[in-house]
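Coordinates from protein_29.cif are shown below (mmCIF, C-alpha atoms and all ligand atoms).
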data_entry
loop_
_atom_site.label_atom_id
_atom_site.label_comp_id
_atom_site.auth_asym_id
_atom_site.auth_seq_id
_atom_site.Cartn_x
_atom_site.Cartn_y
_atom_site.Cartn_z
CA MET N 1 -17.41 7.13 24.42
CA LYS N 2 -18.80 4.90 21.68
CA ILE N 3 -16.07 4.21 19.12
CA GLY N 4 -16.65 2.56 15.72
CA VAL N 5 -14.05 0.63 13.68
CA PRO N 6 -15.45 -0.11 10.19
CA LYS N 7 -13.77 -2.40 7.67
CA GLU N 8 -11.66 -0.51 5.10
CA VAL N 9 -13.21 -0.44 1.63
CA LYS N 10 -10.52 1.00 -0.68
CA THR N 11 -9.03 -1.41 -3.22
CA GLU N 12 -5.92 -3.24 -1.96
CA GLU N 13 -6.39 -1.85 1.57
CA TYR N 14 -5.96 -4.62 4.15
CA ARG N 15 -5.12 -2.52 7.20
CA VAL N 16 -7.55 -1.89 10.07
CA ALA N 17 -7.59 1.19 12.33
CA VAL N 18 -7.34 -0.52 15.73
CA THR N 19 -5.74 -3.85 16.73
CA PRO N 20 -7.33 -6.12 19.36
CA SER N 21 -4.81 -4.87 21.94
CA GLY N 22 -5.78 -1.29 21.06
CA VAL N 23 -9.41 -2.25 21.64
CA LYS N 24 -8.48 -3.75 25.01
CA GLU N 25 -6.83 -0.48 26.04
CA LEU N 26 -9.88 1.57 25.00
CA VAL N 27 -12.29 -0.77 26.83
CA LYS N 28 -10.09 -0.66 29.94
CA ASN N 29 -10.52 3.12 29.87
CA GLY N 30 -14.30 2.82 29.95
CA HIS N 31 -15.11 3.12 26.23
CA THR N 32 -17.35 0.93 24.09
CA VAL N 33 -15.77 -0.25 20.83
CA TYR N 34 -17.88 -1.48 17.91
CA VAL N 35 -15.91 -3.40 15.31
CA GLN N 36 -17.35 -4.45 11.94
CA THR N 37 -17.16 -8.22 11.44
CA SER N 38 -14.07 -9.31 9.45
CA ALA N 39 -12.58 -5.77 9.70
CA GLY N 40 -9.22 -7.17 10.88
CA GLU N 41 -9.06 -10.18 8.58
CA GLY N 42 -6.63 -8.60 6.07
CA SER N 43 -4.20 -7.90 8.92
CA GLY N 44 -4.53 -11.37 10.42
CA PHE N 45 -6.86 -10.45 13.32
CA ASN N 46 -10.11 -12.42 13.43
CA ASP N 47 -13.45 -11.58 15.02
CA ASP N 48 -12.73 -13.81 18.04
CA ASP N 49 -9.56 -11.80 18.76
CA TYR N 50 -11.66 -8.62 18.89
CA SER N 51 -14.42 -10.23 21.02
CA ALA N 52 -11.81 -11.50 23.46
CA ALA N 53 -10.43 -7.94 23.68
CA GLY N 54 -13.88 -6.65 24.66
CA ALA N 55 -15.17 -5.29 21.33
CA GLU N 56 -18.79 -5.59 20.26
CA LEU N 57 -18.88 -7.10 16.76
CA LEU N 58 -21.47 -5.64 14.36
CA GLU N 59 -22.47 -6.93 10.93
CA GLY N 60 -22.03 -4.36 8.12
CA ALA N 61 -20.57 -0.84 8.08
CA ALA N 62 -23.96 0.87 8.49
CA ALA N 63 -24.47 -0.65 11.95
CA VAL N 64 -21.02 0.55 13.09
CA PHE N 65 -21.49 4.12 11.82
CA ASP N 66 -24.94 4.20 13.42
CA ALA N 67 -23.82 2.99 16.84
CA ALA N 68 -20.67 5.13 17.22
CA GLU N 69 -19.96 8.77 18.12
CA LEU N 70 -16.33 8.53 16.99
CA ILE N 71 -15.30 6.68 13.81
CA VAL N 72 -11.66 5.52 13.51
CA LYS N 73 -10.37 4.49 10.10
CA VAL N 74 -7.15 4.06 8.14
CA LYS N 75 -7.97 5.66 4.77
CA GLU N 76 -10.11 8.69 3.98
CA PRO N 77 -13.84 8.01 3.48
CA ILE N 78 -14.82 7.35 -0.14
CA ALA N 79 -18.15 8.22 -1.81
CA GLN N 80 -19.89 4.96 -0.89
CA GLU N 81 -19.21 5.69 2.81
CA TYR N 82 -20.47 9.30 2.80
CA PRO N 83 -24.16 8.42 3.41
CA LEU N 84 -23.19 6.27 6.42
CA PHE N 85 -21.95 9.23 8.48
CA LYS N 86 -24.23 10.96 10.98
CA GLU N 87 -24.21 14.77 11.05
CA GLY N 88 -21.64 16.10 13.53
CA GLN N 89 -19.86 12.74 13.99
CA THR N 90 -16.16 12.72 14.90
CA LEU N 91 -13.67 11.06 12.50
CA PHE N 92 -10.01 10.15 13.09
CA THR N 93 -8.12 8.84 10.02
CA TYR N 94 -5.70 9.71 7.16
CA LEU N 95 -7.61 12.39 5.19
CA HIS N 96 -5.23 14.10 2.69
CA LEU N 97 -7.87 16.79 2.08
CA ALA N 98 -5.70 19.25 0.12
CA ALA N 99 -6.00 17.11 -3.00
CA ASP N 100 -9.61 15.97 -2.47
CA GLU N 101 -12.32 18.53 -3.13
CA ALA N 102 -15.27 16.11 -3.02
CA GLN N 103 -14.33 14.78 0.40
CA THR N 104 -13.68 18.28 1.77
CA LYS N 105 -17.13 19.38 0.61
CA PHE N 106 -18.73 16.31 2.16
CA LEU N 107 -17.03 16.78 5.57
CA LEU N 108 -18.05 20.45 5.66
CA GLU N 109 -21.65 19.78 4.63
CA LYS N 110 -22.08 16.95 7.17
CA LYS N 111 -20.36 19.09 9.86
CA ILE N 112 -17.95 16.25 10.64
CA LYS N 113 -15.30 16.92 13.29
CA ALA N 114 -12.50 15.46 11.20
CA TYR N 115 -9.07 14.86 12.77
CA ALA N 116 -6.37 13.85 10.25
CA TYR N 117 -3.42 11.61 11.09
CA GLU N 118 -1.15 13.27 8.54
CA THR N 119 -1.40 16.84 9.89
CA LEU N 120 -0.85 15.95 13.56
CA LYS N 121 2.41 17.70 14.44
CA VAL N 122 4.56 17.31 17.54
CA ASP N 123 7.42 19.84 17.48
CA ARG N 124 8.56 19.47 13.85
CA ARG N 125 7.66 15.79 13.55
CA LEU N 126 4.60 14.14 12.00
CA PRO N 127 4.36 11.13 14.33
CA LEU N 128 1.37 9.50 12.62
CA LEU N 129 3.13 9.47 9.22
CA GLU N 130 6.44 8.15 10.57
CA PRO N 131 5.42 4.50 11.05
CA MET N 132 4.41 4.23 7.38
CA SER N 133 7.69 5.81 6.24
CA GLU N 134 9.51 3.28 8.38
CA VAL N 135 7.64 0.37 6.73
CA ALA N 136 8.15 1.84 3.23
CA GLY N 137 11.87 2.46 3.84
CA LYS N 138 12.56 -1.06 5.08
CA MET N 139 10.49 -2.50 2.26
CA ALA N 140 12.31 -0.35 -0.34
CA ALA N 141 15.61 -2.07 0.47
CA ILE N 142 13.96 -5.51 0.17
CA MET N 143 12.36 -4.58 -3.18
CA GLY N 144 15.64 -3.13 -4.46
CA GLY N 145 17.40 -6.40 -3.66
CA PHE N 146 14.60 -8.51 -5.12
CA TYR N 147 14.48 -6.65 -8.46
CA LEU N 148 18.26 -6.98 -8.86
CA GLY N 149 17.42 -10.63 -9.60
CA ARG N 150 18.07 -11.52 -13.22
CA TYR N 151 14.56 -12.92 -13.74
CA GLN N 152 13.13 -9.58 -12.53
CA GLY N 153 15.14 -7.63 -15.12
CA GLY N 154 17.98 -6.83 -12.72
CA ARG N 155 21.79 -7.11 -12.96
CA GLY N 156 21.79 -10.43 -11.15
CA ILE N 157 23.95 -9.31 -8.25
CA LEU N 158 23.04 -10.49 -4.74
CA PRO N 159 22.89 -7.40 -2.43
CA GLY N 160 25.42 -8.69 0.09
CA GLY N 161 27.31 -11.00 -2.32
CA VAL N 162 29.01 -14.07 -0.84
CA VAL N 163 32.59 -14.67 0.28
CA GLY N 164 34.99 -13.69 -2.52
CA THR N 165 32.43 -11.77 -4.63
CA GLU N 166 31.50 -8.12 -5.01
CA LYS N 167 28.60 -6.63 -3.03
CA ALA N 168 25.88 -4.43 -4.52
CA ASN N 169 26.15 -0.65 -4.17
CA VAL N 170 23.00 0.95 -2.79
CA LEU N 171 22.50 4.72 -2.98
CA ILE N 172 19.85 6.28 -0.73
CA LEU N 173 18.67 9.81 -1.49
CA GLY N 174 17.25 11.44 1.65
CA GLY N 175 18.17 10.32 5.16
CA GLY N 176 14.90 10.98 7.02
CA VAL N 177 12.66 8.31 8.53
CA ALA N 178 12.31 6.24 5.33
CA GLY N 179 15.97 6.75 4.31
CA LEU N 180 17.34 5.64 7.68
CA SER N 181 15.08 2.55 7.65
CA ALA N 182 16.15 1.67 4.09
CA ALA N 183 19.82 2.05 5.07
CA GLN N 184 19.40 -0.25 8.08
CA VAL N 185 17.94 -3.05 5.95
CA ALA N 186 20.29 -2.60 2.97
CA ALA N 187 23.28 -2.56 5.33
CA GLY N 188 21.88 -5.60 7.16
CA MET N 189 21.82 -7.47 3.83
CA GLY N 190 25.52 -6.70 3.51
CA ALA N 191 25.36 -4.17 0.64
CA LYS N 192 27.70 -1.17 0.39
CA VAL N 193 25.41 1.75 1.21
CA THR N 194 25.81 5.50 0.62
CA ILE N 195 23.19 7.83 2.08
CA LEU N 196 22.81 11.45 0.92
CA ASP N 197 21.03 14.35 2.57
CA ILE N 198 21.17 18.16 2.47
CA ASN N 199 20.78 18.42 6.24
CA LEU N 200 24.27 18.26 7.81
CA ALA N 201 22.97 17.71 11.34
CA ARG N 202 21.01 14.74 10.06
CA LEU N 203 24.12 13.37 8.28
CA HIS N 204 25.99 13.56 11.60
CA TYR N 205 23.21 11.58 13.27
CA LEU N 206 23.13 8.98 10.47
CA ASN N 207 26.88 8.62 10.70
CA ASP N 208 26.58 7.94 14.44
CA VAL N 209 23.79 5.35 14.30
CA LEU N 210 24.44 3.42 11.09
CA PRO N 211 26.99 0.57 10.74
CA ALA N 212 30.40 0.78 9.06
CA ASN N 213 29.15 -0.37 5.63
CA VAL N 214 27.13 2.87 5.31
CA SER N 215 28.84 6.12 4.19
CA THR N 216 27.25 9.54 4.37
CA LEU N 217 27.60 12.21 1.70
CA TYR N 218 26.24 15.73 1.24
CA SER N 219 23.62 15.67 -1.53
CA THR N 220 24.40 17.56 -4.75
CA THR N 221 23.75 16.74 -8.42
CA ASP N 222 27.50 16.32 -8.79
CA ALA N 223 27.67 13.73 -6.00
CA ILE N 224 24.75 11.78 -7.48
CA GLU N 225 26.22 11.85 -11.00
CA SER N 226 29.57 10.59 -9.79
CA LEU N 227 27.95 7.65 -7.93
CA LEU N 228 25.43 6.49 -10.57
CA PRO N 229 27.90 4.58 -12.84
CA THR N 230 28.73 2.15 -10.00
CA THR N 231 25.33 2.07 -8.28
CA ASP N 232 23.09 -1.02 -8.46
CA VAL N 233 20.07 0.26 -6.52
CA VAL N 234 18.92 3.84 -5.91
CA ILE N 235 16.27 4.37 -3.21
CA GLY N 236 14.63 7.82 -3.36
CA THR N 237 13.14 9.03 -0.05
CA VAL N 238 13.52 12.82 -0.21
CA LEU N 239 10.80 15.06 1.14
CA ILE N 240 10.36 18.81 1.15
CA PRO N 241 7.27 19.22 3.36
CA GLY N 242 4.28 20.63 1.51
CA ALA N 243 6.06 20.60 -1.87
CA LYS N 244 6.45 18.23 -4.77
CA ALA N 245 9.55 16.05 -4.52
CA PRO N 246 12.60 17.48 -6.38
CA LYS N 247 13.66 15.44 -9.46
CA LEU N 248 17.12 14.36 -8.37
CA ILE N 249 17.68 11.92 -11.24
CA THR N 250 16.68 13.11 -14.71
CA LYS N 251 15.98 10.88 -17.73
CA GLU N 252 19.33 11.92 -19.16
CA MET N 253 21.14 10.75 -16.02
CA LEU N 254 19.80 7.19 -16.51
CA SER N 255 22.42 6.80 -19.24
CA LEU N 256 25.08 6.95 -16.50
CA MET N 257 23.67 3.75 -14.96
CA ARG N 258 24.33 0.16 -15.94
CA GLU N 259 21.61 -1.96 -17.52
CA GLY N 260 19.62 -3.90 -14.92
CA SER N 261 20.13 -1.31 -12.16
CA VAL N 262 17.05 -0.61 -10.03
CA LEU N 263 15.35 2.63 -8.96
CA VAL N 264 12.91 2.49 -6.01
CA ASP N 265 10.94 5.74 -5.70
CA VAL N 266 9.44 5.89 -2.20
CA SER N 267 8.71 9.61 -2.72
CA ILE N 268 6.27 8.76 -5.51
CA ASP N 269 3.33 9.86 -3.32
CA GLN N 270 4.78 13.39 -3.55
CA GLY N 271 5.26 13.18 -7.32
CA GLY N 272 8.45 11.10 -7.26
CA CYS N 273 12.12 12.12 -7.12
CA PHE N 274 13.15 10.60 -10.48
CA GLU N 275 12.02 12.29 -13.69
CA THR N 276 11.02 8.93 -15.21
CA SER N 277 8.86 7.81 -12.24
CA ARG N 278 5.13 7.16 -12.53
CA ALA N 279 2.98 5.60 -9.81
CA THR N 280 2.55 1.81 -9.98
CA THR N 281 0.53 -0.75 -7.99
CA HIS N 282 1.32 -3.95 -6.10
CA THR N 283 -0.16 -5.98 -8.96
CA GLU N 284 2.16 -4.34 -11.52
CA PRO N 285 4.92 -2.76 -9.46
CA THR N 286 7.70 -2.21 -12.03
CA TYR N 287 8.49 -1.00 -15.55
CA VAL N 288 11.76 -0.44 -17.40
CA VAL N 289 13.13 2.82 -18.86
CA ASP N 290 16.45 2.81 -20.74
CA GLY N 291 17.35 -0.56 -19.22
CA VAL N 292 16.75 0.63 -15.62
CA VAL N 293 14.04 -1.13 -13.58
CA HIS N 294 11.65 1.35 -11.86
CA TYR N 295 9.64 0.35 -8.75
CA CYS N 296 7.19 3.16 -7.84
CA VAL N 297 4.35 1.72 -5.72
CA ALA N 298 2.44 4.54 -4.08
CA ASN N 299 1.05 2.54 -1.12
CA MET N 300 3.99 0.35 -0.18
CA PRO N 301 2.85 -0.32 3.45
CA GLY N 302 -0.25 -2.05 2.01
CA ALA N 303 1.97 -5.04 1.16
CA TYR N 304 2.62 -5.76 4.83
CA PRO N 305 -0.75 -4.93 6.45
CA ARG N 306 -0.15 -6.76 9.71
CA THR N 307 3.04 -4.85 10.51
CA SER N 308 1.56 -1.60 9.17
CA THR N 309 -1.63 -1.99 11.23
CA MET N 310 0.33 -2.66 14.41
CA ALA N 311 2.73 0.23 13.74
CA LEU N 312 -0.16 2.59 13.00
CA THR N 313 -2.11 1.63 16.14
CA ASN N 314 1.01 2.05 18.28
CA ALA N 315 1.29 5.62 16.98
CA THR N 316 -2.41 6.60 16.98
CA LEU N 317 -3.57 4.99 20.23
CA PRO N 318 -2.36 7.71 22.66
CA TYR N 319 -4.25 10.35 20.61
CA LEU N 320 -7.31 8.13 20.17
CA LEU N 321 -7.48 7.69 23.95
CA LYS N 322 -7.46 11.50 24.38
CA LEU N 323 -10.10 11.98 21.66
CA ALA N 324 -12.29 9.40 23.35
CA GLU N 325 -11.70 10.91 26.79
CA PHE N 326 -12.58 14.51 25.86
CA GLY N 327 -14.92 13.93 22.89
CA GLY N 328 -14.64 15.42 19.41
CA GLU N 329 -15.96 18.85 20.52
CA GLU N 330 -13.44 19.52 23.25
CA ALA N 331 -10.46 17.30 22.56
CA TYR N 332 -8.59 19.82 20.40
CA ALA N 333 -8.91 22.50 23.09
CA LYS N 334 -8.19 20.28 26.10
CA PHE N 335 -5.35 18.34 24.46
CA PRO N 336 -3.49 20.92 22.32
CA LEU N 337 -1.51 18.28 20.40
CA LEU N 338 -4.77 17.34 18.67
CA HIS N 339 -5.26 20.92 17.43
CA SER N 340 -2.97 20.41 14.43
CA ALA N 341 -4.91 17.26 13.49
CA LEU N 342 -8.31 19.00 13.30
CA ASN N 343 -9.15 19.70 9.62
CA THR N 344 -12.92 20.40 9.66
CA TYR N 345 -15.24 21.37 12.50
CA ASP N 346 -18.90 22.27 12.44
CA GLY N 347 -18.89 23.11 8.72
CA LYS N 348 -15.63 25.13 8.81
CA LEU N 349 -12.10 24.37 7.62
CA THR N 350 -9.64 24.46 10.51
CA ASN N 351 -6.38 23.72 8.68
CA LEU N 352 -4.71 26.62 6.88
CA ALA N 353 -2.91 24.57 4.19
CA VAL N 354 -6.12 22.73 3.28
CA ALA N 355 -8.10 25.99 3.17
CA GLU N 356 -5.47 27.58 0.91
CA ALA N 357 -5.44 24.53 -1.39
CA HIS N 358 -9.20 24.93 -1.96
CA GLY N 359 -9.31 28.75 -1.90
CA LEU N 360 -11.76 28.57 1.03
CA ASP N 361 -12.03 30.52 4.31
CA TYR N 362 -10.05 29.30 7.29
P1 LIG O 401 11.52 12.85 6.15
O1 LIG O 401 11.10 14.26 6.20
O2 LIG O 401 11.74 12.11 7.43
O3 LIG O 401 12.88 12.72 5.29
C1 LIG O 401 13.09 13.38 4.10
C2 LIG O 401 14.58 13.72 4.02
O4 LIG O 401 14.84 14.19 2.69
C3 LIG O 401 15.02 14.80 4.98
O5 LIG O 401 16.06 14.33 5.83
C4 LIG O 401 15.51 15.92 4.05
O6 LIG O 401 16.58 16.67 4.58
C5 LIG O 401 15.91 15.12 2.83
N1 LIG O 401 16.06 15.90 1.60
C6 LIG O 401 15.31 16.94 1.12
N2 LIG O 401 15.80 17.36 -0.07
C7 LIG O 401 16.88 16.56 -0.35
C8 LIG O 401 17.81 16.51 -1.42
N3 LIG O 401 17.76 17.36 -2.45
N4 LIG O 401 18.77 15.56 -1.38
C9 LIG O 401 18.86 14.68 -0.36
N5 LIG O 401 18.01 14.72 0.70
C10 LIG O 401 17.04 15.64 0.70
O7 LIG O 401 10.45 12.08 5.23
P2 LIG O 401 10.06 10.54 5.33
O8 LIG O 401 9.06 10.36 6.41
O9 LIG O 401 11.29 9.74 5.33
O10 LIG O 401 9.27 10.35 3.95
C11 LIG O 401 9.95 10.33 2.71
C12 LIG O 401 8.96 10.19 1.58
O11 LIG O 401 8.38 8.89 1.59
C13 LIG O 401 7.77 11.16 1.64
O12 LIG O 401 7.52 11.68 0.36
C14 LIG O 401 6.62 10.27 2.08
O13 LIG O 401 5.36 10.79 1.68
C15 LIG O 401 7.00 9.02 1.34
N6 LIG O 401 6.29 7.77 1.73
C16 LIG O 401 5.91 6.97 0.70
C17 LIG O 401 5.28 5.77 0.95
C18 LIG O 401 4.91 4.88 -0.19
O14 LIG O 401 4.15 3.94 0.02
N7 LIG O 401 5.40 5.10 -1.39
C19 LIG O 401 5.01 5.38 2.27
C20 LIG O 401 5.43 6.22 3.31
C21 LIG O 401 6.09 7.42 3.03
#
For this file, write the structure as C-alpha cells.
Amino acid sequence: MKIGVPKEVKTEEYRVAVTPSGVKELVKNGHTVYVQTSAGEGSGFNDDDYSAAGAELLEGAAAVFDAAELIVKVKEPIAQEYPLFKEGQTLFTYLHLAADEAQTKFLLEKKIKAYAYETLKVDRRLPLLEPMSEVAGKMAAIMGGFYLGRYQGGRGILPGGVVGTEKANVLILGGGVAGLSAAQVAAGMGAKVTILDINLARLHYLNDVLPANVSTLYSTTDAIESLLPTTDVVIGTVLIPGAKAPKLITKEMLSLMREGSVLVDVSIDQGGCFETSRATTHTEPTYVVDGVVHYCVANMPGAYPRTSTMALTNATLPYLLKLAEFGGEEAYAKFPLLHSALNTYDGKLTNLAVAEAHGLDY
C-alpha cells in the first residue's frame, strides 16, 4: 500500500506520525512510504534518516496526499488540509471528533475512511492514548518540582531535599497511567508521595509496584482536605471515561494550602480536576490563584516531541501494519481490533459516541 506521512501543521506541534524505524518496518512489509520533507525535523529525525529507512521524500504536503492511499498523522486535519484529501482516502490519526463538528462534516462529505487513535480499544484499555498519558505523567512530576523553585513562584523546597532537610510532599490524584508515571518520577526525585484512587484493585497494584516512599490512600474529599495543608505539589490525573473530570479541589480548598504550593492539572484536556484550572500553553504555562501556582498545559507531550513521537509510533505501528496489509476498506472487518478505531466510513458515522455527540445517525 502507498502510505503518506505529511508534516504536522498545528501550532506548537513538533511530533511526526512515523519514525524512520517505523518506515523501515513498513517498507520491509512491501509498502511504499512517502514522507514530506522536514516532517521529522521537530522530533530530531532528518530527511536523510527517512531516506536511509527506505522512504520516498516528497516536497510539500500536496504531493504526499496525492501519492498516498493511506494518510498517517498525529493531530486531526485542520481546515487548510481539507482540500488536500482525495475522496475515499484512508486516514489514521488522533481525531477527537465528538467536539469538532466542522471536521466531522468534512470527513463525511469526502467519504474518508477515518480511523482514530483515541477510540481504539483493547479490552478496557485505550492503548494509543496510554503513551501520551505516560509522557504527561512523568512530565507533571518534573514540572511540579520545577515550579516549587522560588523564582518560579514556588515554596523553594527541593523535591527530594538533601541530607538533614525535609522533603517535599507530593499528592497525586488518580492512579491510572498518568498517575503511576507521575508517582515513579516524583518518588525517584526523593519526594514523599501519596497517591489516591477510588479503584481499590488499582490501589493494591500501585502498592505492589511503587517504592517505599509512596503511600496509597482511598480518594475522598475528606482525605484530600486532610492532606492539603502539608502538601507542596498536587498532580491531578483523574479520568472518568467519556465525562468531564470531577473537580476534586475547589477554590475554597486552596485556602488550606501554603503559599507557593503547586497544582499540576494533567486532566485539563477533560476540563480539569481543580475548580480554578484553565488551559494554558507551553509559552505561558502557569498562573497564580490565592498564592498557589497552577500549571495546566493541555498538550504536555508536545514539550518532548522526540520521546512522544517514538512512544506513539511504538503503539500505533502494529495497527498501521494491519491497516496497510488489509487496506482501509477491509481492515476493520479482517482485523477486529481496528473496528473500534473506525469513526467515519463512506459518508457514514461508525462510532456511537461521536454520532450521539452530533445528534447524527450511526
Ligand atoms: P486512566 O484512566 O489510566 O486513569 C485515571 C484514574 O483516575 C483511574 O485509575 C480512576 O480510577 C481514577 N479516578 C477517577 N475518579 C477519581 C477520583 N474521584 N479520585 C481519585 N481517582 C479517581 O487515565 P490516564 O490515561 O492516566 O489519563 C488521565 C488524564 O490525563 C486524562 O484526562 C487524559 O486525557 C489526560 N492527559 C492529559 C495530557 C495533557 O497534555 N494535559 C496528556 C495525556 C493525557
Which one of N:Ser255, N:Ser133, N:Ser51, N:Thr93 sits closest to Thr237 in chain N if you count only C-alpha atoms?
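Between N:Ser255, N:Ser133, N:Ser51, N:Thr93, the residue approaching Thr237 in chain N most closely is N:Ser133.
Atom N6 of ligand LIG 401 (chain O) lies 22.5 Å from CA of Asn207 in chain N.
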Closest atom pairs, residues of range 71-186 of chain N within 7 Å of range 316-328 of chain N, only C-alpha atoms, as CSV:
residue,atom,partner,partner_atom,distance
N:Thr90,CA,N:Gly328,CA,5.5
N:Lys113,CA,N:Gly328,CA,6.3
N:Leu128,CA,N:Thr316,CA,6.5
Would you tabulate, counting only C-alpha atoms and all ligand atoms, all residues of chain N that have an atom at most 8 Å from an atom of ligand LIG 401 (chain O), showing the closest pair of atoms and their distance in Å to one decimal, sorted by chain then ascending number, as a Markdown table?
| residue | atom | partner | partner_atom | distance |
| --- | --- | --- | --- | --- |
| N:Leu129 | CA | O:LIG401 | O8 | 6.6 |
| N:Glu130 | CA | O:LIG401 | O8 | 5.4 |
| N:Pro131 | CA | O:LIG401 | C20 | 7.9 |
| N:Met132 | CA | O:LIG401 | C20 | 4.6 |
| N:Ser133 | CA | O:LIG401 | C20 | 3.7 |
| N:Glu134 | CA | O:LIG401 | C20 | 7.1 |
| N:Val135 | CA | O:LIG401 | C20 | 7.1 |
| N:Ala136 | CA | O:LIG401 | C19 | 4.8 |
| N:Gly137 | CA | O:LIG401 | O9 | 7.5 |
| N:Leu173 | CA | O:LIG401 | C9 | 5.0 |
| N:Gly174 | CA | O:LIG401 | N5 | 3.5 |
| N:Gly175 | CA | O:LIG401 | O5 | 4.6 |
| N:Gly176 | CA | O:LIG401 | O3 | 3.2 |
| N:Val177 | CA | O:LIG401 | O9 | 3.8 |
| N:Ala178 | CA | O:LIG401 | O9 | 3.6 |
| N:Gly179 | CA | O:LIG401 | O9 | 5.6 |
| N:Leu180 | CA | O:LIG401 | O9 | 7.7 |
| N:Leu196 | CA | O:LIG401 | C9 | 5.3 |
| N:Asp197 | CA | O:LIG401 | N5 | 3.6 |
| N:Ile198 | CA | O:LIG401 | N5 | 5.0 |
| N:Asn199 | CA | O:LIG401 | O6 | 4.8 |
| N:Arg202 | CA | O:LIG401 | O5 | 6.5 |
| N:Tyr218 | CA | O:LIG401 | C9 | 7.6 |
| N:Ser219 | CA | O:LIG401 | N4 | 4.9 |
| N:Thr220 | CA | O:LIG401 | N4 | 6.9 |
| N:Gly236 | CA | O:LIG401 | C12 | 7.9 |
| N:Thr237 | CA | O:LIG401 | C11 | 4.4 |
| N:Val238 | CA | O:LIG401 | O4 | 3.5 |
| N:Leu239 | CA | O:LIG401 | C1 | 4.1 |
| N:Ile240 | CA | O:LIG401 | C6 | 5.3 |
| N:Pro241 | CA | O:LIG401 | O1 | 6.9 |
| N:Ala245 | CA | O:LIG401 | O12 | 6.9 |
| N:Pro246 | CA | O:LIG401 | N3 | 6.5 |
| N:Leu248 | CA | O:LIG401 | N3 | 6.7 |
| N:Asp265 | CA | O:LIG401 | N7 | 7.0 |
| N:Val266 | CA | O:LIG401 | N7 | 4.2 |
| N:Ser267 | CA | O:LIG401 | O12 | 3.9 |
| N:Ile268 | CA | O:LIG401 | N7 | 5.6 |
| N:Asp269 | CA | O:LIG401 | O13 | 5.5 |
| N:Gln270 | CA | O:LIG401 | O12 | 5.1 |
| N:Gly272 | CA | O:LIG401 | O12 | 7.7 |
| N:Cys296 | CA | O:LIG401 | N7 | 7.0 |
| N:Val297 | CA | O:LIG401 | N7 | 5.6 |
| N:Ala298 | CA | O:LIG401 | N7 | 4.0 |
| N:Asn299 | CA | O:LIG401 | O14 | 3.6 |
| N:Met300 | CA | O:LIG401 | O14 | 3.6 |
| N:Pro301 | CA | O:LIG401 | O14 | 5.6 |
| N:Gly302 | CA | O:LIG401 | O14 | 7.7 |
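Using all atoms listed in the file, the shortest contact distance between Met310 in chain N and any of N:Thr37, N:Gly44, N:Leu26, N:Met1 is found at N:Gly44.
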Could you pull the residues within 6 Å of range 9-20 of chain N, counting only C-alpha atoms, minus those fewer than 2 positions along the same chain, as a list of chain:residue names?
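The contact residues come out as N:Gly22, N:Val23, N:Gly40, N:Gly42, N:Ser43, N:Tyr50, N:Ala53, N:Lys73, N:Val74, N:Pro305, N:Thr309, N:Thr313.
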Just how far from CA of Leu107 in chain N is CA of Ala303 in chain N, in Å to one decimal?
29.3 Å
Calculated over all atoms listed in the file, which of the candidates N:Asp100, N:Lys7, N:Asn29, N:Met143 has the smallest distance to Phe65 in chain N?
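Closest residue, counting all atoms listed in the file: N:Lys7.
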Would you list the contacts of Gly154 in chain N as an MDAnalysis selection string, taking every protein, DNA or RNA residue within 6 Å and counting all atoms listed in the file, but skipping same-chain residues closer than 4 positions in sequence?
chainID N and resid 147:150 260:261
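One distance worth recording is that between CA of Gly144 in chain N and CA of Arg306 in chain N, which is 21.5 Å.
Each of N:Ala187, N:Thr216, N:Val264, N:Tyr94 was checked against Pro285 in chain N using all atoms listed in the file; the smallest atom-to-atom distance is that of N:Val264.
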Counting all atoms listed in the file, find the residues whose atoms lie at most 12 Å from (21.5, -12.0, -7.4) (file coordinates) and write them out as an NGL selection string.
:N and (144-162 or 165-168 or 191 or 232 or 260-261)
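Minimum atom-to-atom distances from N:Glu69, N:Glu101, N:Asp290, N:Glu225 to Gln89 in chain N were compared using all atoms listed in the file, and the lowest value belongs to N:Glu69.
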